[in-house]
$ cat my_file03.pdb   # PDB, C-alpha atoms
ATOM      1  CA  MET E   1     106.127 101.814  58.311  1.00  0.00           C
ATOM      2  CA  ARG E   2     106.155  98.989  60.803  1.00  0.00           C
ATOM      3  CA  ARG E   3     107.687  99.929  64.112  1.00  0.00           C
ATOM      4  CA  SER E   4     110.881  98.108  64.954  1.00  0.00           C
ATOM      5  CA  PRO E   5     110.996  96.185  68.226  1.00  0.00           C
ATOM      6  CA  GLU E   6     114.724  96.965  68.573  1.00  0.00           C
ATOM      7  CA  PRO E   7     114.332  99.869  71.058  1.00  0.00           C
ATOM      8  CA  VAL E   8     112.506  97.500  73.419  1.00  0.00           C
ATOM      9  CA  PHE E   9     115.353  94.968  73.258  1.00  0.00           C
ATOM     10  CA  TRP E  10     117.980  97.655  73.797  1.00  0.00           C
ATOM     11  CA  SER E  11     116.060  99.111  76.763  1.00  0.00           C
ATOM     12  CA  LEU E  12     115.690  95.713  78.427  1.00  0.00           C
ATOM     13  CA  PHE E  13     119.359  94.952  77.704  1.00  0.00           C
ATOM     14  CA  SER E  14     120.318  98.231  79.331  1.00  0.00           C
ATOM     15  CA  ALA E  15     118.083  97.696  82.379  1.00  0.00           C
ATOM     16  CA  GLY E  16     119.570  94.233  82.865  1.00  0.00           C
ATOM     17  CA  GLY E  17     123.074  95.623  82.447  1.00  0.00           C
ATOM     18  CA  VAL E  18     122.548  98.204  85.195  1.00  0.00           C
ATOM     19  CA  VAL E  19     120.976  95.764  87.664  1.00  0.00           C
ATOM     20  CA  LEU E  20     123.657  93.118  87.070  1.00  0.00           C
ATOM     21  CA  ALA E  21     126.492  95.645  87.345  1.00  0.00           C
ATOM     22  CA  LEU E  22     125.140  96.748  90.727  1.00  0.00           C
ATOM     23  CA  ILE E  23     124.250  93.428  92.366  1.00  0.00           C
ATOM     24  CA  ALA E  24     125.747  90.443  90.493  1.00  0.00           C
ATOM     25  CA  PRO E  25     129.137  90.463  92.307  1.00  0.00           C
ATOM     26  CA  ALA E  26     127.356  90.663  95.693  1.00  0.00           C
ATOM     27  CA  LEU E  27     124.933  87.853  94.809  1.00  0.00           C
ATOM     28  CA  ILE E  28     127.769  85.584  93.643  1.00  0.00           C
ATOM     29  CA  LEU E  29     129.743  86.394  96.794  1.00  0.00           C
ATOM     30  CA  ALA E  30     126.696  85.471  98.882  1.00  0.00           C
ATOM     31  CA  THR E  31     125.507  82.309  97.124  1.00  0.00           C
ATOM     32  CA  GLY E  32     128.912  81.047  95.977  1.00  0.00           C
ATOM     33  CA  PHE E  33     130.965  81.689  99.124  1.00  0.00           C
ATOM     34  CA  LEU E  34     128.842  82.742 102.122  1.00  0.00           C
ATOM     35  CA  VAL E  35     126.230  79.989 101.623  1.00  0.00           C
ATOM     36  CA  PRO E  36     128.785  77.127 101.371  1.00  0.00           C
ATOM     37  CA  ALA E  37     130.612  78.634 104.378  1.00  0.00           C
ATOM     38  CA  GLU E  38     127.287  78.241 106.245  1.00  0.00           C
ATOM     39  CA  ARG E  39     127.111  81.934 107.014  1.00  0.00           C
ATOM     40  CA  VAL E  40     123.554  82.080 105.630  1.00  0.00           C
ATOM     41  CA  GLU E  41     120.778  80.401 107.640  1.00  0.00           C
ATOM     42  CA  PHE E  42     118.100  78.355 105.891  1.00  0.00           C
ATOM     43  CA  ASP E  43     115.328  80.035 107.909  1.00  0.00           C
ATOM     44  CA  ARG E  44     116.535  83.468 106.866  1.00  0.00           C
ATOM     45  CA  LEU E  45     116.651  82.544 103.177  1.00  0.00           C
ATOM     46  CA  SER E  46     113.280  80.840 103.351  1.00  0.00           C
ATOM     47  CA  ALA E  47     111.686  83.832 105.102  1.00  0.00           C
ATOM     48  CA  ILE E  48     113.001  86.177 102.410  1.00  0.00           C
ATOM     49  CA  LEU E  49     112.205  84.018  99.384  1.00  0.00           C
ATOM     50  CA  THR E  50     108.612  83.272 100.402  1.00  0.00           C
ATOM     51  CA  GLN E  51     107.670  86.958 100.507  1.00  0.00           C
ATOM     52  CA  PRO E  52     105.534  87.889  97.482  1.00  0.00           C
ATOM     53  CA  LEU E  53     107.762  90.856  96.607  1.00  0.00           C
ATOM     54  CA  ALA E  54     110.880  88.675  96.708  1.00  0.00           C
ATOM     55  CA  ARG E  55     109.247  86.121  94.397  1.00  0.00           C
ATOM     56  CA  ILE E  56     108.442  88.894  91.923  1.00  0.00           C
ATOM     57  CA  ALA E  57     111.998  90.269  92.273  1.00  0.00           C
ATOM     58  CA  VAL E  58     113.476  86.826  91.491  1.00  0.00           C
ATOM     59  CA  VAL E  59     111.399  86.555  88.308  1.00  0.00           C
ATOM     60  CA  GLY E  60     112.210  90.164  87.357  1.00  0.00           C
ATOM     61  CA  LEU E  61     115.934  89.631  87.887  1.00  0.00           C
ATOM     62  CA  ALA E  62     115.828  86.384  85.896  1.00  0.00           C
ATOM     63  CA  PHE E  63     113.921  88.057  83.048  1.00  0.00           C
ATOM     64  CA  LEU E  64     116.352  90.989  82.798  1.00  0.00           C
ATOM     65  CA  THR E  65     119.404  88.719  83.095  1.00  0.00           C
ATOM     66  CA  PHE E  66     118.262  86.277  80.415  1.00  0.00           C
ATOM     67  CA  VAL E  67     117.166  89.021  77.989  1.00  0.00           C
ATOM     68  CA  HIS E  68     120.464  90.858  78.598  1.00  0.00           C
ATOM     69  CA  ALA E  69     122.424  87.682  77.851  1.00  0.00           C
ATOM     70  CA  ALA E  70     120.305  86.857  74.797  1.00  0.00           C
ATOM     71  CA  HIS E  71     120.875  90.353  73.404  1.00  0.00           C
ATOM     72  CA  ARG E  72     124.640  90.179  73.938  1.00  0.00           C
ATOM     73  CA  LEU E  73     124.875  86.668  72.505  1.00  0.00           C
ATOM     74  CA  ARG E  74     122.822  87.649  69.472  1.00  0.00           C
ATOM     75  CA  HIS E  75     124.895  90.716  68.625  1.00  0.00           C
ATOM     76  CA  THR E  76     128.222  89.021  69.348  1.00  0.00           C
ATOM     77  CA  LEU E  77     127.419  86.053  67.095  1.00  0.00           C
ATOM     78  CA  VAL E  78     126.437  88.460  64.312  1.00  0.00           C
ATOM     79  CA  ASP E  79     129.580  90.583  64.889  1.00  0.00           C
ATOM     80  CA  VAL E  80     131.990  87.639  64.775  1.00  0.00           C
ATOM     81  CA  GLY E  81     130.723  86.608  61.368  1.00  0.00           C
ATOM     82  CA  LEU E  82     127.278  85.013  61.419  1.00  0.00           C
ATOM     83  CA  ARG E  83     125.568  88.039  59.875  1.00  0.00           C
ATOM     84  CA  ALA E  84     123.769  85.836  57.358  1.00  0.00           C
ATOM     85  CA  TYR E  85     121.885  84.110  60.183  1.00  0.00           C
ATOM     86  CA  GLY E  86     121.023  87.294  62.102  1.00  0.00           C
ATOM     87  CA  GLY E  87     117.259  86.749  61.970  1.00  0.00           C
ATOM     88  CA  PRO E  88     117.125  83.161  63.242  1.00  0.00           C
ATOM     89  CA  ILE E  89     119.825  83.897  65.856  1.00  0.00           C
ATOM     90  CA  ALA E  90     117.738  86.769  67.268  1.00  0.00           C
ATOM     91  CA  THR E  91     114.569  84.671  67.354  1.00  0.00           C
ATOM     92  CA  VAL E  92     116.231  81.685  69.047  1.00  0.00           C
ATOM     93  CA  SER E  93     118.071  83.912  71.570  1.00  0.00           C
ATOM     94  CA  TYR E  94     114.994  85.806  72.743  1.00  0.00           C
ATOM     95  CA  LEU E  95     112.795  82.691  72.780  1.00  0.00           C
ATOM     96  CA  ALA E  96     115.385  80.923  74.951  1.00  0.00           C
ATOM     97  CA  ALA E  97     115.363  83.936  77.302  1.00  0.00           C
ATOM     98  CA  LEU E  98     111.570  83.759  77.553  1.00  0.00           C
ATOM     99  CA  ALA E  99     111.609  79.990  78.175  1.00  0.00           C
ATOM    100  CA  LEU E 100     114.193  80.401  80.963  1.00  0.00           C
ATOM    101  CA  THR E 101     112.096  83.215  82.467  1.00  0.00           C
ATOM    102  CA  ALA E 102     109.051  80.931  82.492  1.00  0.00           C
ATOM    103  CA  TRP E 103     111.132  78.339  84.371  1.00  0.00           C
ATOM    104  CA  ALA E 104     112.264  81.057  86.787  1.00  0.00           C
ATOM    105  CA  ALA E 105     108.603  81.906  87.505  1.00  0.00           C
ATOM    106  CA  LEU E 106     107.887  78.233  88.268  1.00  0.00           C
ATOM    107  CA  VAL E 107     110.876  78.145  90.640  1.00  0.00           C
ATOM    108  CA  ALA E 108     110.131  81.466  92.356  1.00  0.00           C
ATOM    109  CA  PHE E 109     106.464  80.652  92.989  1.00  0.00           C
ATOM    110  CA  GLY E 110     107.117  76.973  93.729  1.00  0.00           C
TER
ATOM    111  CA  MET Q   1     137.510 101.502  37.132  1.00  0.00           C
ATOM    112  CA  ALA Q   2     139.048 101.284  40.534  1.00  0.00           C
ATOM    113  CA  SER Q   3     138.223  98.076  42.273  1.00  0.00           C
ATOM    114  CA  PRO Q   4     136.672  98.367  45.726  1.00  0.00           C
ATOM    115  CA  TYR Q   5     139.097  98.444  48.616  1.00  0.00           C
ATOM    116  CA  PRO Q   6     139.689  94.826  49.552  1.00  0.00           C
ATOM    117  CA  ARG Q   7     138.660  94.414  53.138  1.00  0.00           C
ATOM    118  CA  ARG Q   8     140.905  91.766  54.483  1.00  0.00           C
ATOM    119  CA  ARG Q   9     139.725  90.323  57.716  1.00  0.00           C
ATOM    120  CA  SER Q  10     140.403  86.822  58.835  1.00  0.00           C
ATOM    121  CA  ARG Q  11     137.507  84.732  60.054  1.00  0.00           C
ATOM    122  CA  ARG Q  12     139.126  84.607  63.467  1.00  0.00           C
ATOM    123  CA  TRP Q  13     139.812  88.341  63.835  1.00  0.00           C
ATOM    124  CA  PHE Q  14     138.210  88.379  67.271  1.00  0.00           C
ATOM    125  CA  ILE Q  15     140.900  86.147  68.817  1.00  0.00           C
ATOM    126  CA  GLU Q  16     143.880  87.836  67.172  1.00  0.00           C
ATOM    127  CA  ARG Q  17     144.282  90.895  69.361  1.00  0.00           C
ATOM    128  CA  TRP Q  18     143.893  91.563  73.065  1.00  0.00           C
ATOM    129  CA  ALA Q  19     141.542  94.489  72.370  1.00  0.00           C
ATOM    130  CA  TYR Q  20     139.286  92.173  70.369  1.00  0.00           C
ATOM    131  CA  GLN Q  21     139.579  89.341  72.902  1.00  0.00           C
ATOM    132  CA  ARG Q  22     138.557  91.793  75.598  1.00  0.00           C
ATOM    133  CA  PHE Q  23     135.488  92.717  73.564  1.00  0.00           C
ATOM    134  CA  VAL Q  24     134.517  89.057  73.242  1.00  0.00           C
ATOM    135  CA  LEU Q  25     135.146  88.419  76.970  1.00  0.00           C
ATOM    136  CA  ARG Q  26     132.972  91.402  77.848  1.00  0.00           C
ATOM    137  CA  GLU Q  27     130.174  90.179  75.607  1.00  0.00           C
ATOM    138  CA  LEU Q  28     130.605  86.673  77.006  1.00  0.00           C
ATOM    139  CA  SER Q  29     130.094  88.053  80.517  1.00  0.00           C
ATOM    140  CA  GLY Q  30     126.392  88.417  79.693  1.00  0.00           C
ATOM    141  CA  VAL Q  31     126.101  84.725  78.898  1.00  0.00           C
ATOM    142  CA  VAL Q  32     128.179  83.781  81.957  1.00  0.00           C
ATOM    143  CA  LEU Q  33     125.827  85.840  84.150  1.00  0.00           C
ATOM    144  CA  ALA Q  34     122.867  83.978  82.632  1.00  0.00           C
ATOM    145  CA  ALA Q  35     124.588  80.712  83.607  1.00  0.00           C
ATOM    146  CA  TYR Q  36     124.970  82.066  87.150  1.00  0.00           C
ATOM    147  CA  MET Q  37     121.264  82.963  87.135  1.00  0.00           C
ATOM    148  CA  VAL Q  38     120.519  79.265  86.503  1.00  0.00           C
ATOM    149  CA  LEU Q  39     122.672  78.329  89.542  1.00  0.00           C
ATOM    150  CA  LEU Q  40     120.915  80.994  91.626  1.00  0.00           C
ATOM    151  CA  LEU Q  41     117.506  79.628  90.612  1.00  0.00           C
ATOM    152  CA  LEU Q  42     118.602  76.102  91.566  1.00  0.00           C
ATOM    153  CA  LEU Q  43     119.475  77.476  95.015  1.00  0.00           C
ATOM    154  CA  VAL Q  44     116.078  79.210  95.268  1.00  0.00           C
ATOM    155  CA  SER Q  45     114.436  75.972  94.192  1.00  0.00           C
ATOM    156  CA  SER Q  46     116.246  74.038  96.939  1.00  0.00           C
ATOM    157  CA  VAL Q  47     115.113  76.576  99.559  1.00  0.00           C
ATOM    158  CA  HIS Q  48     111.487  76.188  98.467  1.00  0.00           C
ATOM    159  CA  ALA Q  49     111.902  72.389  98.605  1.00  0.00           C
ATOM    160  CA  GLY Q  50     112.742  72.579 102.327  1.00  0.00           C
ATOM    161  CA  GLY Q  51     115.635  72.335 104.786  1.00  0.00           C
ATOM    162  CA  GLN Q  52     116.951  68.942 103.676  1.00  0.00           C
ATOM    163  CA  ALA Q  53     117.037  69.905  99.981  1.00  0.00           C
ATOM    164  CA  PHE Q  54     118.829  73.140 100.928  1.00  0.00           C
ATOM    165  CA  ALA Q  55     121.394  71.257 103.043  1.00  0.00           C
ATOM    166  CA  ASP Q  56     122.074  68.905 100.107  1.00  0.00           C
ATOM    167  CA  HIS Q  57     122.493  71.894  97.820  1.00  0.00           C
ATOM    168  CA  VAL Q  58     124.947  73.499 100.257  1.00  0.00           C
ATOM    169  CA  THR Q  59     126.995  70.271 100.211  1.00  0.00           C
ATOM    170  CA  THR Q  60     127.173  70.545  96.411  1.00  0.00           C
ATOM    171  CA  LEU Q  61     128.217  74.189  96.655  1.00  0.00           C
ATOM    172  CA  ARG Q  62     131.064  73.236  99.024  1.00  0.00           C
ATOM    173  CA  SER Q  63     132.810  71.080  96.419  1.00  0.00           C
ATOM    174  CA  PRO Q  64     136.104  72.471  95.069  1.00  0.00           C
ATOM    175  CA  LEU Q  65     134.641  72.436  91.566  1.00  0.00           C
ATOM    176  CA  MET Q  66     131.725  74.685  92.553  1.00  0.00           C
ATOM    177  CA  ILE Q  67     134.029  77.037  94.469  1.00  0.00           C
ATOM    178  CA  ALA Q  68     136.244  77.292  91.359  1.00  0.00           C
ATOM    179  CA  VAL Q  69     133.153  77.903  89.202  1.00  0.00           C
ATOM    180  CA  HIS Q  70     132.115  80.752  91.483  1.00  0.00           C
ATOM    181  CA  VAL Q  71     135.593  82.301  91.386  1.00  0.00           C
ATOM    182  CA  ILE Q  72     135.285  82.431  87.585  1.00  0.00           C
ATOM    183  CA  LEU Q  73     131.716  83.736  87.878  1.00  0.00           C
ATOM    184  CA  VAL Q  74     132.701  86.588  90.185  1.00  0.00           C
ATOM    185  CA  LEU Q  75     135.566  87.581  87.844  1.00  0.00           C
ATOM    186  CA  PHE Q  76     133.172  87.781  84.893  1.00  0.00           C
ATOM    187  CA  ALA Q  77     130.635  89.684  87.033  1.00  0.00           C
ATOM    188  CA  LEU Q  78     133.315  92.229  87.963  1.00  0.00           C
ATOM    189  CA  LEU Q  79     134.337  92.511  84.294  1.00  0.00           C
ATOM    190  CA  HIS Q  80     130.701  93.277  83.501  1.00  0.00           C
ATOM    191  CA  THR Q  81     130.469  95.842  86.305  1.00  0.00           C
ATOM    192  CA  VAL Q  82     133.686  97.652  85.356  1.00  0.00           C
ATOM    193  CA  THR Q  83     132.969  97.763  81.612  1.00  0.00           C
ATOM    194  CA  TRP Q  84     129.336  98.761  82.211  1.00  0.00           C
ATOM    195  CA  PHE Q  85     130.233 101.644  84.505  1.00  0.00           C
ATOM    196  CA  GLN Q  86     132.920 102.775  82.003  1.00  0.00           C
ATOM    197  CA  ALA Q  87     130.216 102.951  79.324  1.00  0.00           C
ATOM    198  CA  VAL Q  88     127.669 104.894  81.395  1.00  0.00           C
ATOM    199  CA  PRO Q  89     129.057 108.435  80.730  1.00  0.00           C
ATOM    200  CA  LYS Q  90     129.332 107.583  77.007  1.00  0.00           C
ATOM    201  CA  GLY Q  91     125.823 106.197  76.712  1.00  0.00           C
ATOM    202  CA  LEU Q  92     124.146 108.737  78.956  1.00  0.00           C
ATOM    203  CA  PRO Q  93     126.156 111.983  79.021  1.00  0.00           C
ATOM    204  CA  LEU Q  94     124.690 114.255  81.702  1.00  0.00           C
ATOM    205  CA  ARG Q  95     124.839 118.044  81.713  1.00  0.00           C
ATOM    206  CA  ARG Q  96     124.411 120.421  84.571  1.00  0.00           C
ATOM    207  CA  GLY Q  97     123.559 123.699  82.856  1.00  0.00           C
ATOM    208  CA  GLU Q  98     126.373 124.328  80.371  1.00  0.00           C
ATOM    209  CA  GLU Q  99     128.776 122.091  82.237  1.00  0.00           C
ATOM    210  CA  LYS Q 100     129.216 118.451  81.351  1.00  0.00           C
ATOM    211  CA  VAL Q 101     129.173 116.250  84.441  1.00  0.00           C
ATOM    212  CA  PRO Q 102     132.714 114.779  84.566  1.00  0.00           C
ATOM    213  CA  PRO Q 103     132.747 111.096  83.503  1.00  0.00           C
ATOM    214  CA  ALA Q 104     134.856 110.178  86.549  1.00  0.00           C
ATOM    215  CA  LEU Q 105     132.150 111.572  88.843  1.00  0.00           C
ATOM    216  CA  MET Q 106     129.420 109.516  87.116  1.00  0.00           C
ATOM    217  CA  ILE Q 107     131.526 106.360  87.209  1.00  0.00           C
ATOM    218  CA  GLY Q 108     132.389 106.988  90.858  1.00  0.00           C
ATOM    219  CA  ALA Q 109     128.721 107.442  91.773  1.00  0.00           C
ATOM    220  CA  ASN Q 110     127.974 104.050  90.213  1.00  0.00           C
ATOM    221  CA  TYR Q 111     130.659 102.353  92.315  1.00  0.00           C
ATOM    222  CA  VAL Q 112     129.218 103.983  95.443  1.00  0.00           C
ATOM    223  CA  ALA Q 113     125.771 102.617  94.525  1.00  0.00           C
ATOM    224  CA  MET Q 114     127.277  99.182  93.905  1.00  0.00           C
ATOM    225  CA  ALA Q 115     129.067  99.203  97.268  1.00  0.00           C
ATOM    226  CA  GLY Q 116     125.800 100.179  98.972  1.00  0.00           C
ATOM    227  CA  ALA Q 117     123.897  97.385  97.223  1.00  0.00           C
ATOM    228  CA  THR Q 118     126.598  94.878  98.220  1.00  0.00           C
ATOM    229  CA  VAL Q 119     126.408  95.882 101.886  1.00  0.00           C
ATOM    230  CA  ILE Q 120     122.581  95.637 101.863  1.00  0.00           C
ATOM    231  CA  ILE Q 121     122.570  92.197 100.209  1.00  0.00           C
ATOM    232  CA  VAL Q 122     125.210  90.706 102.504  1.00  0.00           C
ATOM    233  CA  ALA Q 123     123.612  92.253 105.620  1.00  0.00           C
ATOM    234  CA  ALA Q 124     120.175  90.921 104.635  1.00  0.00           C
ATOM    235  CA  LEU Q 125     121.495  87.361 104.268  1.00  0.00           C
ATOM    236  CA  VAL Q 126     124.074  87.019 107.023  1.00  0.00           C
ATOM    237  CA  ALA Q 127     122.349  86.978 110.365  1.00  0.00           C
TER
END
$ encode --input "my_file03.pdb" --output "structure tokens"
Amino acid sequence: MRRSPEPVFWSLFSAGGVVLALIAPALILATGFLVPAERVEFDRLSAILTQPLARIAVVGLAFLTFVHAAHRLRHTLVDVGLRAYGGPIATVSYLAALALTAWAALVAFG
Amino acid sequence: MASPYPRRRSRRWFIERWAYQRFVLRELSGVVLAAYMVLLLLLVSSVHAGGQAFADHVTTLRSPLMIAVHVILVLFALLHTVTWFQAVPKGLPLRRGEEKVPPALMIGANYVAMAGATVIIVAALVA
């Protein structure tokens, strides 16, 4: 029997869910309110974001976020009545997540 | 022969009740957070492009529209946090010996971790 990839998707979904639950409100507070209020210095941000570990963290966060979103979108679309298109919806969702992650890598290491 | 029980469900069942709407909003929070991730990456991109690009980006972020967008984003992020922490004891029930760890304790521990992460992030960014 061929092994299903579903456990991998659920694990990544779960990892993304935990990370986002812990840090998403703080990140939005920082980049949506503290940055426009000029409470965050450019030099500080630049010093953080050019560290190799921070670049990897940005890509990791992007990967988990996009896979989490793709997983939710996929299952919600199927649940609200698009069961017939479950296969293509899954494929398109996860491919979009991968494409966005590739873009995130270009940004983080740019 | 008895006919099968007719399942009657409208095509728009998910907008007909608050409990269902809440489910859809919760699921939507994942997509909203992905949209925020795009905004975050645009900010990172502007930082890598240098001081002038960052200053321009900050000007964009100051617009009332972007402030309103971030108010909505933070509400969805909090919805995600609250619903995720509520689900933790159900998805990962912990036992200490024979005793089940009380769900409230597990949920509380998650909020403590979230508060700690928030303090670290804000302290790291605000000089």
$ closest_residue --input "my_file03.pdb" --among "Q:Lys100, Q:Arg22, Q:Arg11, Q:Lys90" --to "chain E" --atoms "all atoms listed in the file"
Q:Arg11
$ residues_around --input "my_file03.pdb" --residues "range 33-47 of chain Q" --least-positions-apart "4" --cutoff "8 Å" --atoms "all atoms listed in the file" --output "short mmCIF file (atom, residue, chain, number, x, y, z; two decimals) with C-alpha atoms, keeping the file's coordinate frame"
data_model
loop_
_atom_site.label_atom_id
_atom_site.label_comp_id
_atom_site.auth_asym_id
_atom_site.auth_seq_id
_atom_site.Cartn_x
_atom_site.Cartn_y
_atom_site.Cartn_z
CA ALA E 24 125.75 90.44 90.49
CA ILE E 28 127.77 85.58 93.64
CA THR E 31 125.51 82.31 97.12
CA PHE E 42 118.10 78.36 105.89
CA LEU E 45 116.65 82.54 103.18
CA SER E 46 113.28 80.84 103.35
CA LEU E 49 112.20 84.02 99.38
CA ALA E 62 115.83 86.38 85.90
CA THR E 65 119.40 88.72 83.10
CA PHE E 66 118.26 86.28 80.42
CA ALA E 69 122.42 87.68 77.85
CA ALA E 104 112.26 81.06 86.79
CA VAL E 107 110.88 78.14 90.64
CA ALA E 108 110.13 81.47 92.36
CA GLY E 110 107.12 76.97 93.73
CA SER Q 29 130.09 88.05 80.52
CA GLY Q 51 115.64 72.33 104.79
CA ALA Q 53 117.04 69.90 99.98
CA PHE Q 54 118.83 73.14 100.93
CA HIS Q 57 122.49 71.89 97.82
CA LEU Q 73 131.72 83.74 87.88
CA PHE Q 76 133.17 87.78 84.89
CA ALA Q 77 130.64 89.68 87.03
#
$ residues_around --input "my_file03.pdb" --residues "Ala37 in chain E" --least-positions-apart "4" --cutoff "9 Å" --atoms "all atoms listed in the file" --output "PyMOL selection string"
(chain E and resi 32-33) or (chain Q and resi 58+62)
$ axis_aligned_box --input "my_file03.pdb" --around "range 10-14 of chain E" --padding-each-side "8 Å" --output "JSON"
{"center_x": 118.0, "center_y": 97.0, "center_z": 76.6, "size_x": 20.6, "size_y": 20.2, "size_z": 21.5}
$ residues_around --input "my_file03.pdb" --residues "range 92-103 of chain E" --least-positions-apart "2" --cutoff "6 Å" --atoms "only C-alpha atoms" --output "PyMOL selection string"
chain E and resi 62-63+66-67+70+89-90+105-106
$ closest_residue --input "my_file03.pdb" --among "E:Glu38, E:Val78, E:Thr50, E:Ala21" --to "chain Q" --atoms "only C-alpha atoms"
E:Ala21
$ residues_around --input "my_file03.pdb" --residues "Leu25 in chain Q" --least-positions-apart "2" --cutoff "12 Å" --atoms "all atoms listed in the file" --output "PyMOL selection string"
(chain E and resi 72-73+76) or (chain Q and resi 14-15+18-23+27-32+75-80+83)
$ atom_distance --input "my_file03.pdb" --atom1 "CA of Ala54 in chain E" --atom2 "CA of His71 in chain E"
25.4 Å
$ closest_residue --input "my_file03.pdb" --among "Q:Ala68, Q:Ala123, Q:Ala2, Q:Leu61" --to "chain E" --atoms "all atoms listed in the file"
Q:Leu61
$ resolve_selection --input "my_file03.pdb" --expression "the PyMOL selection byres ((chain E and resi 14-16) around 8)" --output "list of chain:residue names"
E:Trp10, E:Ser11, E:Leu12, E:Phe13, E:Gly17, E:Val18, E:Val19, E:Leu20, E:Leu61, E:Leu64, E:Thr65, E:Val67, E:His68
$ write_last_selection --input "my_file03.pdb" --atoms "C-alpha atoms" --output "PDB file, keeping the file's coordinate frame"
ATOM      1  CA  TRP E  10     117.980  97.655  73.797  1.00  0.00           C
ATOM      2  CA  SER E  11     116.060  99.111  76.763  1.00  0.00           C
ATOM      3  CA  LEU E  12     115.690  95.713  78.427  1.00  0.00           C
ATOM      4  CA  PHE E  13     119.359  94.952  77.704  1.00  0.00           C
ATOM      5  CA  GLY E  17     123.074  95.623  82.447  1.00  0.00           C
ATOM      6  CA  VAL E  18     122.548  98.204  85.195  1.00  0.00           C
ATOM      7  CA  VAL E  19     120.976  95.764  87.664  1.00  0.00           C
ATOM      8  CA  LEU E  20     123.657  93.118  87.070  1.00  0.00           C
ATOM      9  CA  LEU E  61     115.934  89.631  87.887  1.00  0.00           C
ATOM     10  CA  LEU E  64     116.352  90.989  82.798  1.00  0.00           C
ATOM     11  CA  THR E  65     119.404  88.719  83.095  1.00  0.00           C
ATOM     12  CA  VAL E  67     117.166  89.021  77.989  1.00  0.00           C
ATOM     13  CA  HIS E  68     120.464  90.858  78.598  1.00  0.00           C
TER      14      HIS E  68
END
$ atom_distance --input "my_file03.pdb" --atom1 "CA of Ala113 in chain Q" --atom2 "CA of Leu125 in chain Q"
18.6 Å
$ closest_residue --input "my_file03.pdb" --among "Q:Asn110, Q:Thr81, Q:Ser10, Q:Thr59" --to "chain E" --atoms "all atoms listed in the file"
Q:Thr81
$ atom_distance --input "my_file03.pdb" --atom1 "CA of Trp84 in chain Q" --atom2 "CA of Arg3 in chain E"
28.2 Å
$ closest_residue --input "my_file03.pdb" --among "Q:Gly97, Q:Gly50, Q:Pro4, Q:Pro89" --to "chain E" --atoms "only C-alpha atoms"
Q:Gly50
